[in-house]
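Peer 1: Can you read through this structure? Questions will come right after.
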Amino acid sequence: MATQDSKNQRDELHKAIWNIAEKERNAVDSWDFKAYIFCFLFYRFISEDLAEYIDKGEHETGNKTFSYVDLNDEDAEMAREDVTKEKGFFVLPSQLFQNVAKNPEKDDKLNITVKNIFSDIERSSVGTASEDDFKGLFDDVDVTSTKLGANLAERNARLAGIITGIRDLDFGNIRDADIDLFGDAYEYLMNMYASNAGKSGGEYFTPQEVAELLARIVIGHRTYVNKVYDPACGSGSLLLRFAKILGQENVRQGFFGQEKNPTTYNLARINMFLHHINFDRFDIAQGDTLINPKHWDDQPFDAIVSNPPYSTHWKGDSDPTLINDPRFSPAGVLAPKGYADLAFTMHMFSWLSTDGTAAIVEFPGVLYRGGAEEKIREYLVHGNYVSAVIQLPANLFFGVTIATCILVLSKSKSDDKVLFVDASEQFGHVGNKNKLMPENIDKIASTVVERTEEQYFSKLVSIDEIGNSVNHYNLSVGIWVEKKDTTEKVDIVELNQKIKKIVKRENELRKQIDGIVAGLKEE
């Protein structure tokens, strides 16, 4: 567990890195500028990681004074093949962040230097097992952009400012597993960028507390999972929560995800590296999961978590061939063109292993709308695949104030009931947002894992009752979990007695006033 000193170090680091990000972005939108900060943070990380890896190997052979940072490029080339095979990339000593960052302001061609280094890092993986993990990784950093400055001198000055700022941050020993400062810095920055970006931020970043809850529900009592998957992985925060809770070695076959947005896809890969997940332990793909899923050969998965885009458009029944897709065909209908939510849900359910669990953040409309969505709910409920439905508090997500919910799916339930949990009041206030506090997460997760009932909070309902002619497979928590009546209870008898006393007193006062008035008239 991190000490108070390490927590203070982390807090100070976060303040410093955010100050750099805001100071150097110039005319670039804060949400767009994040790519620059993350790429240079990543550049420093892999440079130090590589140098420490090579130094450690040399020191173990007895060459205690060896320093890769000080080695000449020609001698370093001899290690390229072996290092690339192990680390997935290679950086020459002269191209290491440590050397470039010594005096970046003195390089009048700094933008070209950086561009070439980033290109060389990507090319170093070509033809190797890590090629897909590095291809296009730096595409979102345009070092020639006029947004960085009106002319070459201004652009180089801004790049130098970013480099020196990141150079002076204290990350300590990169291999210190107890203080994951690079990974924590990424999470902090994404949180800050998302909170400042409104809806676009919330679209690609799930608050850490929600990620924690989803992971704990899926993990349950397990001490390990084989493979964890997110078909709309954004920046990868949901996947990485399993590494934080279980330890990455206990995600035995790795982390799998797909992301449609190219910029966020790059950030997800960077996020994996910054959290010490080696290239051979993750597979993040780019593309539209619903139309072109990339992990057919890796499914099924025993742990699936996701916060897919809400009510997004997809082809749906405008492409009748999709009904033949084995992911969607079991329900007999396709999710509506304007609401792809349950298309993502069916995709995840299809790729869930027999003994696996999926926890999916859903827009509330999918729980009660009719038509094709009701048919899909019928398939899931009638097949006894819906394990739990959790109503979350409102205003948890960036750019989304509406109260969302979590749908928990399983293919091997021990009963024929659905657990409904009303967690709408389980939050604390932090700034202008609501936030799941540790005690809230504990209560919700334990209730779902243990399948316990509590008046006004959780209830088990049979699938027959949910599917009867009255309820039409409505999964809205509000119709199943009774709300506690917080209105003040009134004793009618006691109230009438009080009213009689008030009326009696009022009559007495009225007589006294009448007497006073009469006396005044006589005078």
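Residue numbers start at 1 in each chain; chains themselves are named A, B, ... in the order of the structure tokens; ligands are numbered from 1 in the order shown.
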At a cut-off of 10 Å, using only C-alpha atoms, what residues contact stretch 165-167 of chain A? Leave out same-chain residues fewer than 2 positions from it and give the result as a ChimeraX atom specification.
Peer 2: /A:16-17,19-21,23-24,37,40-41,44,97-98,100-102,159-163,169-171
Peer 1: With the cut-off set at 10 Å and counting only C-alpha atoms, tabulate each residue of stretch 259-349 of chain A with an atom at most that distance from an atom of stretch 212-219 of chain A, showing the nearest atom pair and its distance in Å to one decimal, ordered by chain and increasing number, as JSON lines.
Peer 2:
```
{"residue": "A:Asp302", "atom": "CA", "partner": "A:Val218", "partner_atom": "CA", "distance": 8.8}
{"residue": "A:Ala303", "atom": "CA", "partner": "A:Val218", "partner_atom": "CA", "distance": 6.2}
{"residue": "A:Ile304", "atom": "CA", "partner": "A:Val218", "partner_atom": "CA", "distance": 7.4}
{"residue": "A:Val305", "atom": "CA", "partner": "A:Leu214", "partner_atom": "CA", "distance": 6.5}
{"residue": "A:Ser306", "atom": "CA", "partner": "A:Leu214", "partner_atom": "CA", "distance": 8.3}
{"residue": "A:Asn307", "atom": "CA", "partner": "A:Leu214", "partner_atom": "CA", "distance": 9.6}
```
Peer 1: Convert the current residue selection to file output with C-alpha atoms, as a tab-separated table (two decimals), in the first residue's frame.
Peer 2:
```tsv
chain	number	residue	atom	x	y	z
A	302	ASP	CA	-14.71	-14.92	-19.03
A	303	ALA	CA	-14.59	-11.26	-17.97
A	304	ILE	CA	-16.29	-8.52	-20.00
A	305	VAL	CA	-16.75	-4.91	-18.90
A	306	SER	CA	-17.88	-1.98	-21.01
A	307	ASN	CA	-19.36	1.49	-21.09
```
Peer 1: Please report, as a ChimeraX atom specification, each residue of stretch 237-359 of chain A to which DSSP assigns alpha helix (DSSP H) when run on this structure's backbone.
Peer 2: /A:237-246,262-274,341-350
Peer 1: Please produce a file of those selected residues containing C-alpha atoms, as a CSV table (one decimal), in the first residue's frame.
Peer 2:
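Saved file selection03.csv follows:
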```csv
chain,number,residue,atom,x,y,z
A,237,SER,CA,-9.4,2.3,-18.1
A,238,LEU,CA,-11.9,-0.5,-17.6
A,239,LEU,CA,-9.5,-3.2,-18.7
A,240,LEU,CA,-6.7,-1.9,-16.5
A,241,ARG,CA,-8.9,-1.9,-13.4
A,242,PHE,CA,-8.5,-5.7,-13.4
A,243,ALA,CA,-4.7,-5.3,-13.3
A,244,LYS,CA,-5.0,-3.0,-10.3
A,245,ILE,CA,-7.4,-5.3,-8.4
A,246,LEU,CA,-6.0,-8.7,-9.2
A,262,PRO,CA,-8.4,6.5,-33.9
A,263,THR,CA,-7.1,9.0,-31.4
A,264,THR,CA,-8.6,7.2,-28.4
A,265,TYR,CA,-7.4,3.9,-29.9
A,266,ASN,CA,-3.8,5.3,-29.7
A,267,LEU,CA,-4.3,6.5,-26.2
A,268,ALA,CA,-5.6,3.1,-25.1
A,269,ARG,CA,-2.4,1.5,-26.4
A,270,ILE,CA,-0.2,4.2,-24.7
A,271,ASN,CA,-2.2,3.6,-21.5
A,272,MET,CA,-1.3,-0.1,-21.5
A,273,PHE,CA,2.4,0.6,-21.8
A,274,LEU,CA,2.3,3.3,-19.1
A,341,ASP,CA,-27.1,-0.2,-27.0
A,342,LEU,CA,-28.6,-3.7,-27.1
A,343,ALA,CA,-26.5,-4.5,-30.2
A,344,PHE,CA,-23.4,-4.0,-28.1
A,345,THR,CA,-25.1,-6.0,-25.3
A,346,MET,CA,-25.8,-9.0,-27.7
A,347,HIS,CA,-22.3,-8.8,-29.0
A,348,MET,CA,-20.9,-9.1,-25.5
A,349,PHE,CA,-23.3,-11.8,-24.5
A,350,SER,CA,-22.3,-13.8,-27.6
```
Peer 1: With only C-alpha atoms counted and 12 Å as the cut-off, give the residues of stretch 349-407 of chain A in contact with stretch 308-332 of chain A, each with its shortest interatomic distance in Å and the pair that gives it, as a tab-separated table.
Peer 2:
```
residue	atom	partner	partner_atom	distance
A:Phe349	CA	A:Arg327	CA	7.9
A:Ser350	CA	A:Arg327	CA	5.2
A:Trp351	CA	A:Arg327	CA	7.8
A:Leu352	CA	A:Arg327	CA	10.7
A:Ala359	CA	A:Pro308	CA	11.2
A:Ile360	CA	A:Pro308	CA	7.8
A:Val361	CA	A:Pro308	CA	7.1
A:Glu362	CA	A:Tyr310	CA	7.2
A:Phe363	CA	A:Tyr310	CA	5.8
A:Pro364	CA	A:Tyr310	CA	9.5
A:Gly365	CA	A:Ser311	CA	8.9
A:Val366	CA	A:Ser311	CA	9.0
A:Ala372	CA	A:Gly332	CA	9.0
A:Glu373	CA	A:Ala331	CA	9.7
A:Glu374	CA	A:Ala331	CA	10.2
A:Lys375	CA	A:Ala331	CA	6.9
A:Ile376	CA	A:Ala331	CA	5.4
A:Arg377	CA	A:Ala331	CA	8.5
A:Glu378	CA	A:Ala331	CA	8.2
A:Tyr379	CA	A:Ala331	CA	5.5
A:Leu380	CA	A:Ala331	CA	8.0
A:Val381	CA	A:Ala331	CA	11.0
A:His382	CA	A:Ala331	CA	10.7
A:Gly383	CA	A:Ala331	CA	10.3
A:Phe397	CA	A:Tyr310	CA	11.9
A:Gly399	CA	A:Tyr310	CA	11.9
A:Val400	CA	A:Tyr310	CA	10.0
A:Ile402	CA	A:Tyr310	CA	11.2
A:Thr404	CA	A:Tyr310	CA	9.7
A:Cys405	CA	A:Tyr310	CA	11.5
A:Ile406	CA	A:Pro308	CA	11.4
```
Peer 1: Which parts of stretch 236-356 of chain A does DSSP call strand (DSSP E) when run on the backbone here, written out as a ChimeraX atom specification?
Peer 2: /A:255-259,282-286,301-306,352-356
Peer 1: Keeping N, CA and C atoms for every residue in the selection just given, could you write it to a file as an mmCIF file, in the first residue's frame?
Peer 2:
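Just written: part_31.cif:
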```
data_model
loop_
_atom_site.group_PDB
_atom_site.id
_atom_site.type_symbol
_atom_site.label_atom_id
_atom_site.label_comp_id
_atom_site.auth_asym_id
_atom_site.auth_seq_id
_atom_site.Cartn_x
_atom_site.Cartn_y
_atom_site.Cartn_z
ATOM 1 N N PHE A 255 -5.261 -8.705 -21.970
ATOM 2 C CA PHE A 255 -6.269 -7.660 -22.068
ATOM 3 C C PHE A 255 -6.640 -7.428 -23.529
ATOM 4 N N PHE A 256 -7.938 -7.451 -23.821
ATOM 5 C CA PHE A 256 -8.408 -7.340 -25.195
ATOM 6 C C PHE A 256 -9.444 -6.217 -25.291
ATOM 7 N N GLY A 257 -9.326 -5.424 -26.337
ATOM 8 C CA GLY A 257 -10.293 -4.348 -26.509
ATOM 9 C C GLY A 257 -10.335 -3.850 -27.934
ATOM 10 N N GLN A 258 -11.404 -3.133 -28.252
ATOM 11 C CA GLN A 258 -11.550 -2.523 -29.570
ATOM 12 C C GLN A 258 -12.105 -1.124 -29.393
ATOM 13 N N GLU A 259 -11.617 -0.187 -30.206
ATOM 14 C CA GLU A 259 -12.046 1.208 -30.128
ATOM 15 C C GLU A 259 -12.171 1.791 -31.523
ATOM 16 N N PHE A 282 -1.360 -7.517 -24.311
ATOM 17 C CA PHE A 282 -2.605 -6.842 -24.674
ATOM 18 C C PHE A 282 -2.806 -6.869 -26.183
ATOM 19 N N ASP A 283 -4.063 -6.758 -26.579
ATOM 20 C CA ASP A 283 -4.429 -6.692 -27.995
ATOM 21 C C ASP A 283 -5.568 -5.678 -28.127
ATOM 22 N N ILE A 284 -5.194 -4.447 -28.431
ATOM 23 C CA ILE A 284 -6.170 -3.380 -28.640
ATOM 24 C C ILE A 284 -6.285 -3.154 -30.145
ATOM 25 N N ALA A 285 -7.492 -3.277 -30.672
ATOM 26 C CA ALA A 285 -7.722 -3.146 -32.109
ATOM 27 C C ALA A 285 -8.558 -1.906 -32.407
ATOM 28 N N GLN A 286 -8.484 -1.441 -33.651
ATOM 29 C CA GLN A 286 -9.278 -0.280 -34.069
ATOM 30 C C GLN A 286 -10.368 -0.727 -35.047
ATOM 31 N N PHE A 301 -14.699 -14.811 -23.784
ATOM 32 C CA PHE A 301 -14.017 -14.156 -22.676
ATOM 33 C C PHE A 301 -14.773 -14.429 -21.382
ATOM 34 N N ASP A 302 -14.027 -14.645 -20.299
ATOM 35 C CA ASP A 302 -14.707 -14.918 -19.029
ATOM 36 C C ASP A 302 -14.886 -13.663 -18.183
ATOM 37 N N ALA A 303 -14.396 -12.531 -18.667
ATOM 38 C CA ALA A 303 -14.592 -11.260 -17.974
ATOM 39 C C ALA A 303 -14.796 -10.171 -19.023
ATOM 40 N N ILE A 304 -15.987 -9.577 -19.041
ATOM 41 C CA ILE A 304 -16.287 -8.516 -20.004
ATOM 42 C C ILE A 304 -16.838 -7.314 -19.242
ATOM 43 N N VAL A 305 -16.268 -6.156 -19.495
ATOM 44 C CA VAL A 305 -16.751 -4.910 -18.901
ATOM 45 C C VAL A 305 -16.804 -3.857 -20.005
ATOM 46 N N SER A 306 -17.802 -2.987 -19.958
ATOM 47 C CA SER A 306 -17.881 -1.982 -21.012
ATOM 48 C C SER A 306 -18.818 -0.846 -20.630
ATOM 49 N N LEU A 352 -19.297 -14.086 -24.424
ATOM 50 C CA LEU A 352 -19.091 -14.410 -23.020
ATOM 51 C C LEU A 352 -18.943 -15.920 -22.854
ATOM 52 N N SER A 353 -17.963 -16.336 -22.070
ATOM 53 C CA SER A 353 -17.757 -17.773 -21.853
ATOM 54 C C SER A 353 -18.875 -18.346 -20.987
ATOM 55 N N THR A 354 -18.956 -19.652 -20.955
ATOM 56 C CA THR A 354 -20.028 -20.331 -20.222
ATOM 57 C C THR A 354 -20.043 -19.961 -18.744
ATOM 58 N N ASP A 355 -18.863 -19.815 -18.152
ATOM 59 C CA ASP A 355 -18.794 -19.473 -16.730
ATOM 60 C C ASP A 355 -18.346 -18.029 -16.523
ATOM 61 N N GLY A 356 -18.526 -17.199 -17.547
ATOM 62 C CA GLY A 356 -18.085 -15.815 -17.464
ATOM 63 C C GLY A 356 -19.164 -14.866 -16.963
#
```
Peer 1: In Å, how far is it from atom CA of A:Ser94 to atom CA of A:Asp73?
Peer 2: 6.6 Å
